[in-house]
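*Asks:* Got a structure for you, questions after.
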Amino acid sequence: MTTLSAKGARRQPPGALRRAVSRNLTAYGFLSGALICFAFFSWIPMVREFILSFQKTNFVNSTEWVGLENFRTVLDDPAFISAWVNTAIFTLLALVFGYIVPFVFAVVLNELRHAQGYLRLIVYLPVMLPPAVAVLLFKWFYDPGAGLFNQALGVVGIPPLSWLDSTTTALPSLVIVSTWMNLGTGTLIYLAALQSIPSELYEAAELDGAGLFKRVWHITIPQTRLILLVMLLLQIVATMQVFIEPFLLTGGGPENATVTVAYLMYQYAFSFGNFGGGGALGLMLMLVLIVFSAFYLRVSRDRT
Amino acid sequence: MSQSTVQRPVRAVKDTPPPPKHTRRRRKTKERPQQFRGLVSPHTLTTRRGKIVYWTVLTFVITGFTLAFVFPLYWMVTGAMKSPDELVAVPPTFFPKELNFSVYAEAWELLDLGTFLKNTLIYAAGAWFFTLTFDVAAAYALSKLRPVFGKVVLALVLSTLMIPPMVILLPAYLSVVELPIFGWNLLNTPWAIWLPAAANGFFIFLLKRFFDSIPRELLEAAQIDGASPMRILWSVVLPVSRPILGVVSILAVVNVWKDFVWPLLVLPDSEKMSISVGISSLSAQMPQNVLIAALVIASIPAILVFLVFQRSIMAGLTAGSLKG
């Protein structure tokens, strides 16, 4: 470091060293605010996640190292398997709806020459609602007696469902809310991507006699495949962190049917007072998600 | 029909930093694409069969979308005004029997929505202020002042994008309970929202990418005139960066407004709660119609912000998808 600046100083006109030092000082002055925030709320927590999961932390006694005990506790918990299975099912179902539906919406919207502004506006409206509001609204819709959904089923002549109260329908019900409030984002992003497809491609395909579905399959999808991949990864990472839906709608029930990993982590820390167990769960989730998000960062960097 | 409204702001964000004039000019010339076409050729749409199919699909889509996305909100606004008896009536009434607006006043009183809204406003405003101050300064330093180890710092900042917030929730909470080194307890203080909000790698990334594209000459001219780095940031960089500042501002405010888990943990005191957490913590004790009225009130600010800043919000959305 010192030799470097000495070398630089020899070649540069006098005062260059002083200027370089002052430039660096200014730069780190500008950086300091953000760096302090990152240190306290991102970097230290990232490291501490590892430490936490090997310690016993309750705010009364001093913390002690307990080795793998936290992991053992968590693994022995019958809710552990349920949480991972539920999170996986939730993510899969959310992909089936939340990933494919917005793409179909975008393809259809892109063909419309009327009312597009209105449709784009309303599809994004639920995204703007605070998630807690959307979830509580749906809690009322799911009410087995007078809820909107059972009333609507009644009109069509279908017997009422028990939605959140049955082990079979509870998790899909959470997926419905989650899809409803997030679908607008995907739709608008795909729509933007679709509009950058050159029309010549479609014209050429049409001259070759390709039908509508062939055009979607051979032009629309290949032309948007990068953004499709990016969104797939983004959505996996986002949905695997699902918390607010089970927290506000079911509390993990009935019979652990809607416990998710993030929710179990919260329970360990704040209901059971076991931060170590929560930390162990957080660490496991982190290791899984980091794979997807690293891949995502790689893909999206290639894009630009 | 403005086909490229969603897409264009991104371009403005991505590669047209300097004069805002430039953006405007481009907008004017590109306002109408010569002839837009998608999957279906314009020719097909002029045939009789094509027209019938098109109008059928259009009607179907408009009805379907309205039912799916507007009707729930209509049901919420009117549901609040129904009496508890009317709410459980089978079949439901489509219009409330009487327009009982007093339920909104009741919800405001019972749930103390004024306090919650005021709190949320303070959290959002402070988060906006700290995010802009810290992240703009940091991005400027990384982009234009280029200190030693700047690359390392940038890599560390971007590495936080790989860690989803939920997985470091507990250790981050511990930082709030006892701030490392200082040992302060930030629970129930606005700092617990403001400071973590400013640690946003994505904003720094967006801002830095924008600053990178500001031509050097512009800054060098100011430097020769003897302007300090602070002065250059304030009078040269910021004025040309208005589009990206708009996007970051909106995202920062919306993030805080929508966040649930974090305020749930760090603001447990009911006097300090944000609107989302406040309403959900009281939801079990409220009569159904009062709760619904509270939900309506909580949605109004978000929807207003959306209607006013629609363009910036959608620009931020596509900027978000192009991370990297």
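Chain labels follow the order of the structure tokens: the first chain is A, the next B, and so on; residue numbering restarts at 1 in every chain, and ligands are counted from 1 in their shown order.
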Which residues are close to Thr258 (chain A), i.e. within 10 Å by only C-alpha atoms, leaving aside same-chain residues fewer than 3 positions away? Reply as a list in words.

*Replies:*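 Residues near the query, excluding close chain neighbours: Ser82, Ala83, Val85, Asn86, Thr87, Phe90, Leu164, Thr167, Thr168, Thr169, Ala170, Leu171, Pro172, Ser173, Leu174, Glu245, Pro246, Phe247, Leu249, Thr250, Gly251, Gly252, Gly253, Pro254, Glu255, Val261 and Tyr263 of chain A.
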
*Asks:* Produce a file of the selected residues containing N, CA and C atoms, as a PDB file, in the first residue's frame.

*Replies:*
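Generated file (result25.pdb):
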```
ATOM      1  N   SER A  82     -43.066 -31.381   7.685  1.00  0.00           N
ATOM      2  CA  SER A  82     -44.255 -30.719   7.140  1.00  0.00           C
ATOM      3  C   SER A  82     -43.885 -29.377   6.552  1.00  0.00           C
ATOM      4  N   ALA A  83     -43.062 -28.615   7.283  1.00  0.00           N
ATOM      5  CA  ALA A  83     -42.731 -27.261   6.834  1.00  0.00           C
ATOM      6  C   ALA A  83     -42.057 -27.302   5.468  1.00  0.00           C
ATOM      7  N   VAL A  85     -42.101 -29.790   3.232  1.00  0.00           N
ATOM      8  CA  VAL A  85     -43.020 -30.311   2.213  1.00  0.00           C
ATOM      9  C   VAL A  85     -44.022 -29.233   1.809  1.00  0.00           C
ATOM     10  N   ASN A  86     -44.585 -28.547   2.837  1.00  0.00           N
ATOM     11  CA  ASN A  86     -45.554 -27.496   2.522  1.00  0.00           C
ATOM     12  C   ASN A  86     -44.928 -26.384   1.701  1.00  0.00           C
ATOM     13  N   THR A  87     -43.717 -25.990   2.083  1.00  0.00           N
ATOM     14  CA  THR A  87     -43.061 -24.916   1.334  1.00  0.00           C
ATOM     15  C   THR A  87     -42.841 -25.348  -0.118  1.00  0.00           C
ATOM     16  N   PHE A  90     -46.238 -25.425  -1.826  1.00  0.00           N
ATOM     17  CA  PHE A  90     -46.678 -24.045  -2.040  1.00  0.00           C
ATOM     18  C   PHE A  90     -45.933 -23.432  -3.219  1.00  0.00           C
ATOM     19  N   LEU A 164     -59.969 -22.699   4.440  1.00  0.00           N
ATOM     20  CA  LEU A 164     -58.812 -22.697   5.347  1.00  0.00           C
ATOM     21  C   LEU A 164     -58.920 -23.744   6.454  1.00  0.00           C
ATOM     22  N   THR A 167     -57.495 -29.757   5.873  1.00  0.00           N
ATOM     23  CA  THR A 167     -56.080 -29.981   5.552  1.00  0.00           C
ATOM     24  C   THR A 167     -55.839 -30.037   4.050  1.00  0.00           C
ATOM     25  N   THR A 168     -56.847 -30.436   3.282  1.00  0.00           N
ATOM     26  CA  THR A 168     -56.607 -30.543   1.836  1.00  0.00           C
ATOM     27  C   THR A 168     -56.697 -29.205   1.126  1.00  0.00           C
ATOM     28  N   THR A 169     -57.612 -28.321   1.558  1.00  0.00           N
ATOM     29  CA  THR A 169     -57.794 -27.082   0.807  1.00  0.00           C
ATOM     30  C   THR A 169     -57.018 -25.908   1.389  1.00  0.00           C
ATOM     31  N   ALA A 170     -56.474 -26.049   2.600  1.00  0.00           N
ATOM     32  CA  ALA A 170     -55.861 -24.881   3.242  1.00  0.00           C
ATOM     33  C   ALA A 170     -54.675 -24.351   2.446  1.00  0.00           C
ATOM     34  N   LEU A 171     -53.770 -25.245   2.072  1.00  0.00           N
ATOM     35  CA  LEU A 171     -52.575 -24.773   1.380  1.00  0.00           C
ATOM     36  C   LEU A 171     -52.913 -24.175   0.010  1.00  0.00           C
ATOM     37  N   PRO A 172     -53.742 -24.858  -0.806  1.00  0.00           N
ATOM     38  CA  PRO A 172     -54.139 -24.217  -2.071  1.00  0.00           C
ATOM     39  C   PRO A 172     -54.812 -22.862  -1.863  1.00  0.00           C
ATOM     40  N   SER A 173     -55.554 -22.706  -0.747  1.00  0.00           N
ATOM     41  CA  SER A 173     -56.182 -21.407  -0.493  1.00  0.00           C
ATOM     42  C   SER A 173     -55.126 -20.326  -0.311  1.00  0.00           C
ATOM     43  N   LEU A 174     -54.042 -20.679   0.373  1.00  0.00           N
ATOM     44  CA  LEU A 174     -52.963 -19.702   0.545  1.00  0.00           C
ATOM     45  C   LEU A 174     -52.354 -19.344  -0.816  1.00  0.00           C
ATOM     46  N   GLU A 245     -48.922 -15.226   4.609  1.00  0.00           N
ATOM     47  CA  GLU A 245     -50.169 -15.962   4.380  1.00  0.00           C
ATOM     48  C   GLU A 245     -50.450 -16.951   5.508  1.00  0.00           C
ATOM     49  N   PRO A 246     -49.517 -17.858   5.838  1.00  0.00           N
ATOM     50  CA  PRO A 246     -49.823 -18.739   6.974  1.00  0.00           C
ATOM     51  C   PRO A 246     -49.948 -17.970   8.289  1.00  0.00           C
ATOM     52  N   PHE A 247     -49.165 -16.914   8.465  1.00  0.00           N
ATOM     53  CA  PHE A 247     -49.203 -16.170   9.723  1.00  0.00           C
ATOM     54  C   PHE A 247     -50.583 -15.567   9.959  1.00  0.00           C
ATOM     55  N   LEU A 249     -53.507 -16.154   8.033  1.00  0.00           N
ATOM     56  CA  LEU A 249     -54.705 -16.906   7.661  1.00  0.00           C
ATOM     57  C   LEU A 249     -54.924 -18.140   8.530  1.00  0.00           C
ATOM     58  N   THR A 250     -53.880 -18.898   8.793  1.00  0.00           N
ATOM     59  CA  THR A 250     -54.102 -20.208   9.409  1.00  0.00           C
ATOM     60  C   THR A 250     -53.286 -20.434  10.667  1.00  0.00           C
ATOM     61  N   GLY A 251     -52.251 -19.659  10.889  1.00  0.00           N
ATOM     62  CA  GLY A 251     -51.373 -19.944  12.020  1.00  0.00           C
ATOM     63  C   GLY A 251     -50.711 -21.302  11.889  1.00  0.00           C
ATOM     64  N   GLY A 252     -50.548 -21.768  10.656  1.00  0.00           N
ATOM     65  CA  GLY A 252     -49.861 -23.036  10.429  1.00  0.00           C
ATOM     66  C   GLY A 252     -50.797 -24.234  10.398  1.00  0.00           C
ATOM     67  N   GLY A 253     -52.011 -24.060  10.889  1.00  0.00           N
ATOM     68  CA  GLY A 253     -52.941 -25.168  10.955  1.00  0.00           C
ATOM     69  C   GLY A 253     -53.677 -25.377   9.657  1.00  0.00           C
ATOM     70  N   PRO A 254     -54.653 -26.206   9.558  1.00  0.00           N
ATOM     71  CA  PRO A 254     -54.971 -27.227  10.558  1.00  0.00           C
ATOM     72  C   PRO A 254     -53.968 -28.382  10.509  1.00  0.00           C
ATOM     73  N   GLU A 255     -53.605 -28.879  11.675  1.00  0.00           N
ATOM     74  CA  GLU A 255     -52.652 -29.986  11.814  1.00  0.00           C
ATOM     75  C   GLU A 255     -51.379 -29.772  11.002  1.00  0.00           C
ATOM     76  N   VAL A 261     -41.486 -23.082   6.133  1.00  0.00           N
ATOM     77  CA  VAL A 261     -40.187 -22.990   6.789  1.00  0.00           C
ATOM     78  C   VAL A 261     -40.031 -21.632   7.472  1.00  0.00           C
ATOM     79  N   TYR A 263     -42.306 -19.633   8.469  1.00  0.00           N
ATOM     80  CA  TYR A 263     -43.227 -19.497   9.589  1.00  0.00           C
ATOM     81  C   TYR A 263     -42.740 -20.288  10.797  1.00  0.00           C
TER      82      TYR A 263
END
```

*Asks:* Fewer than 3 positions away in the same chain doesn't count, so skip those; otherwise give me all residues within 10 Å of Val177 (chain A), counting only C-alpha atoms, as a ChimeraX atom specification.

*Replies:* /A:94,131,134-139,172-174,180-182,245

*Asks:* How close does region 211-295 of chain A get to region 250-270 of chain B? List, as CSV, each residue of region 211-295 of chain A within 10 Å, its nearest atom pair and the distance in Å to one decimal, counting only C-alpha atoms.

*Replies:*
```
residue,atom,partner,partner_atom,distance
A:Phe243,CA,B:Val261,CA,8.0
A:Ile244,CA,B:Val261,CA,7.3
A:Phe247,CA,B:Val261,CA,9.7
A:Tyr266,CA,B:Val261,CA,9.6
A:Phe270,CA,B:Leu265,CA,9.0
```

*Asks:* Residues as selected, C-alpha atoms, written as a short mmCIF file (atom, residue, chain, number, x, y, z; two decimals), in the first residue's frame, can you do that?

*Replies:*
```cif
data_model
loop_
_atom_site.label_atom_id
_atom_site.label_comp_id
_atom_site.auth_asym_id
_atom_site.auth_seq_id
_atom_site.Cartn_x
_atom_site.Cartn_y
_atom_site.Cartn_z
CA PHE A 243 -44.70 -16.14 5.72
CA ILE A 244 -47.52 -13.64 5.85
CA PHE A 247 -49.20 -16.17 9.72
CA TYR A 266 -40.62 -17.34 13.32
CA PHE A 270 -40.86 -15.82 19.01
#
```

*Asks:* Just checking: using only C-alpha atoms, which residue out of B:Asn188, B:Asn289, B:Asn200, B:Thr47 ends up closest to Ala39 (chain A)?

*Replies:*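 Result for the nearest residue to Ala39 (chain A): B:Asn200.
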
*Asks:* Measuring between only C-alpha atoms, which one of A:Gln267, A:Gln195, A:Asn256, A:Thr187 shows the shortest distance to Val101 (chain A)?

*Replies:*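 Residue with the minimum atom-to-atom distance to Val101 (chain A): A:Thr187.
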
*Asks:* Which distance in Å separates CA of Tyr123 (chain B) and CA of Met166 (chain B), to one decimal?

*Replies:*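 Between CA of Tyr123 (chain B) and CA of Met166 (chain B) the gap works out to 19.9 Å.
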
*Asks:* Could you jot down the CA of Pro147 (chain B) to CA of Ala27 (chain A) separation for me, Å, one decimal place?

*Replies:*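 Atom-to-atom, CA of Pro147 (chain B) and CA of Ala27 (chain A) are spaced 6.0 Å apart.
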
*Asks:* Pick out each residue of region 65-135 of chain B that DSSP on the backbone tags as helix (DSSP H, G or I); I need them as a PyMOL selection string.

*Replies:* chain B and resi 65-81+84-87+102-110+113-135

*Asks:* Give me the residues within 9 Å of Gly184 (chain A) as a ChimeraX atom specification, counting only C-alpha atoms and dropping any in the same chain fewer than 6 places off.

*Replies:* /A:102,120-127

*Asks:* So how far away is CA of Met273 (chain B) from CA of Trp75 (chain B), in Å?

*Replies:*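 Here the two named atoms are 27.0 Å from each other.
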
*Asks:* Determine, counting only C-alpha atoms, which protein, DNA and RNA residues have an atom within 12 Å of an atom of Gly147 (chain A); residues of the same chain fewer than 2 positions away are not included. Present the result as a ChimeraX atom specification.

*Replies:* /A:137-145,149-154,160-164 /B:72,75-76,79,87-92,288

*Asks:* Write the residues of the selection above to a file with N, CA and C atoms, as a compact mmCIF listing (two decimals), in the first residue's frame.

*Replies:*
```txt
# COMPACT_ATOMS: atom_id res chain seq x y z
N LEU A 137 -58.39 -9.49 3.67
CA LEU A 137 -59.58 -9.42 2.82
C LEU A 137 -59.97 -10.83 2.38
N PHE A 138 -58.99 -11.61 1.97
CA PHE A 138 -59.30 -12.98 1.53
C PHE A 138 -59.72 -13.87 2.68
N LYS A 139 -59.24 -13.55 3.87
CA LYS A 139 -59.67 -14.34 5.02
C LYS A 139 -61.19 -14.25 5.16
N TRP A 140 -61.68 -13.06 4.89
CA TRP A 140 -63.13 -12.87 4.96
C TRP A 140 -63.81 -13.59 3.78
N PHE A 141 -63.23 -13.53 2.61
CA PHE A 141 -63.80 -14.23 1.46
C PHE A 141 -63.87 -15.73 1.70
N TYR A 142 -62.89 -16.26 2.45
CA TYR A 142 -62.81 -17.71 2.67
C TYR A 142 -63.76 -18.17 3.76
N ASP A 143 -64.39 -17.24 4.46
CA ASP A 143 -65.28 -17.61 5.55
C ASP A 143 -66.24 -18.71 5.09
N PRO A 144 -66.26 -19.84 5.83
CA PRO A 144 -67.05 -20.97 5.32
C PRO A 144 -68.55 -20.67 5.27
N GLY A 145 -69.03 -19.78 6.14
CA GLY A 145 -70.46 -19.50 6.13
C GLY A 145 -70.84 -18.48 5.08
N PHE A 149 -66.59 -16.57 -1.45
CA PHE A 149 -66.30 -17.73 -2.31
C PHE A 149 -67.38 -18.80 -2.20
N ASN A 150 -67.78 -19.10 -0.96
CA ASN A 150 -68.83 -20.10 -0.84
C ASN A 150 -70.16 -19.60 -1.37
N GLN A 151 -70.42 -18.31 -1.21
CA GLN A 151 -71.64 -17.72 -1.78
C GLN A 151 -71.62 -17.89 -3.29
N ALA A 152 -70.44 -17.60 -3.89
CA ALA A 152 -70.33 -17.69 -5.35
C ALA A 152 -70.49 -19.14 -5.79
N LEU A 153 -69.90 -20.08 -5.05
CA LEU A 153 -70.06 -21.49 -5.39
C LEU A 153 -71.54 -21.89 -5.31
N GLY A 154 -72.22 -21.34 -4.30
CA GLY A 154 -73.63 -21.63 -4.14
C GLY A 154 -74.44 -21.20 -5.36
N PRO A 160 -70.54 -25.92 -0.62
CA PRO A 160 -69.49 -25.07 -0.04
C PRO A 160 -68.23 -25.86 0.32
N LEU A 161 -67.09 -25.21 0.22
CA LEU A 161 -65.82 -25.81 0.63
C LEU A 161 -65.45 -25.26 2.00
N SER A 162 -64.57 -25.98 2.69
CA SER A 162 -64.19 -25.43 4.00
C SER A 162 -62.90 -24.62 3.93
N TRP A 163 -62.34 -24.40 2.73
CA TRP A 163 -61.20 -23.53 2.50
C TRP A 163 -60.10 -23.69 3.54
N LEU A 164 -59.97 -22.70 4.44
CA LEU A 164 -58.81 -22.70 5.35
C LEU A 164 -58.92 -23.74 6.45
N PRO B 72 -63.37 -7.77 -6.10
CA PRO B 72 -63.03 -7.94 -4.67
C PRO B 72 -62.93 -6.61 -3.93
N TRP B 75 -66.39 -5.35 -3.38
CA TRP B 75 -67.01 -6.14 -2.32
C TRP B 75 -66.52 -5.67 -0.96
N MET B 76 -65.24 -5.25 -0.91
CA MET B 76 -64.68 -4.76 0.33
C MET B 76 -65.32 -3.43 0.73
N GLY B 79 -68.94 -4.07 1.48
CA GLY B 79 -69.08 -4.98 2.62
C GLY B 79 -68.95 -4.24 3.94
N LEU B 87 -74.21 -8.84 6.51
CA LEU B 87 -72.97 -9.48 6.05
C LEU B 87 -73.10 -10.99 5.96
N VAL B 88 -73.85 -11.59 6.89
CA VAL B 88 -73.93 -13.04 6.89
C VAL B 88 -75.17 -13.54 6.16
N ALA B 89 -75.93 -12.62 5.55
CA ALA B 89 -77.16 -13.01 4.87
C ALA B 89 -76.85 -13.91 3.68
N VAL B 90 -77.69 -14.92 3.48
CA VAL B 90 -77.59 -15.78 2.30
C VAL B 90 -78.90 -15.65 1.53
N PRO B 91 -78.95 -15.33 0.27
CA PRO B 91 -77.81 -14.91 -0.55
C PRO B 91 -77.37 -13.49 -0.19
N PRO B 92 -76.14 -13.13 -0.51
CA PRO B 92 -75.64 -11.80 -0.14
C PRO B 92 -76.34 -10.71 -0.94
N GLN B 288 -66.76 -7.81 12.15
CA GLN B 288 -66.35 -7.98 10.75
C GLN B 288 -66.44 -6.69 9.93
```

*Asks:* Select, from A:Phe292, A:Phe103, A:Phe71, A:Trp65, the residue with the minimum atom-to-atom distance to chain B, counting only C-alpha atoms.

*Replies:*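 For chain B, the nearest of the given residues is A:Phe292.
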
*Asks:* For a quick check of understanding, using only C-alpha atoms, which of A:Leu233, A:Ile227, A:Ala115, A:Ala262 has the smallest distance to Ile290 (chain A)?

*Replies:*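 Among the listed residues, the smallest separation from Ile290 (chain A) belongs to A:Leu233.
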
*Asks:* Skip Ala197 (chain B) itself and residues of its chain fewer than 2 positions away, then list as a list in words all residues within 8 Å of it, counting only C-alpha atoms.

*Replies:*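 Non-adjacent residues within range: Ala127, Phe130, Thr131, Ile193, Trp194, Leu195, Ala199, Asn200, Ala252 and Val256 of chain B.
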
*Asks:* Can I get the selected residues back with C-alpha atoms, as a compact mmCIF listing (two decimals), in the first residue's frame?

*Replies:*
```txt
# COMPACT_ATOMS: atom_id res chain seq x y z
CA ALA B 127 -36.80 5.50 5.12
CA PHE B 130 -32.08 7.82 4.58
CA THR B 131 -32.28 5.61 1.52
CA ILE B 193 -37.13 0.81 10.15
CA TRP B 194 -35.07 3.63 8.70
CA LEU B 195 -31.55 2.24 8.88
CA ALA B 199 -29.10 -0.91 3.37
CA ASN B 200 -30.46 -1.69 -0.08
CA ALA B 252 -38.33 2.97 -1.18
CA VAL B 256 -41.83 0.34 3.68
```

*Asks:* Taking 4 positions as the minimum chain separation for residues in the same chain, which residues sit within 9 Å of Val290 (chain B) when counting only C-alpha atoms? Answer as a ChimeraX atom specification.

*Replies:* /B:80-81,103-104,106-108,110-111,286,294-295

*Asks:* Pull N, CA and C atoms from the residues just selected and write them as a short mmCIF file (atom, residue, chain, number, x, y, z; two decimals), in the first residue's frame.

*Replies:*
```cif
data_model
loop_
_atom_site.label_atom_id
_atom_site.label_comp_id
_atom_site.auth_asym_id
_atom_site.auth_seq_id
_atom_site.Cartn_x
_atom_site.Cartn_y
_atom_site.Cartn_z
N ALA B 80 -68.05 -3.25 3.96
CA ALA B 80 -67.85 -2.50 5.19
C ALA B 80 -69.14 -1.81 5.62
N MET B 81 -69.95 -1.41 4.62
CA MET B 81 -71.13 -0.61 4.96
C MET B 81 -72.33 -1.46 5.32
N VAL B 103 -69.50 3.66 9.60
CA VAL B 103 -68.63 2.55 9.99
C VAL B 103 -67.17 2.92 9.79
N TYR B 104 -66.92 3.76 8.80
CA TYR B 104 -65.53 4.16 8.57
C TYR B 104 -65.02 5.00 9.74
N GLU B 106 -66.15 4.80 12.70
CA GLU B 106 -66.05 3.89 13.83
C GLU B 106 -64.72 3.11 13.78
N ALA B 107 -64.37 2.65 12.58
CA ALA B 107 -63.12 1.91 12.42
C ALA B 107 -61.93 2.81 12.76
N TRP B 108 -62.01 4.03 12.30
CA TRP B 108 -60.93 5.00 12.55
C TRP B 108 -60.71 5.16 14.05
N LEU B 110 -61.99 3.06 16.65
CA LEU B 110 -61.75 1.81 17.38
C LEU B 110 -60.35 1.28 17.19
N LEU B 111 -59.85 1.34 15.97
CA LEU B 111 -58.53 0.77 15.72
C LEU B 111 -57.43 1.81 15.83
N MET B 286 -62.25 -7.35 16.36
CA MET B 286 -63.15 -6.36 15.77
C MET B 286 -64.36 -7.03 15.13
N ALA B 294 -61.64 -0.84 8.11
CA ALA B 294 -60.24 -0.52 8.37
C ALA B 294 -59.37 -0.92 7.18
N LEU B 295 -59.69 -2.06 6.58
CA LEU B 295 -58.92 -2.51 5.41
C LEU B 295 -59.08 -1.51 4.26
#
```

*Asks:* Could you name the residues that touch Leu233 (chain B) at 10 Å or less, counting only C-alpha atoms, but leaving out those on the same chain fewer than 5 positions away, as an NGL selection string?

*Replies:* :B and (136-137 or 140-141 or 144 or 219 or 227-228 or 238-239)
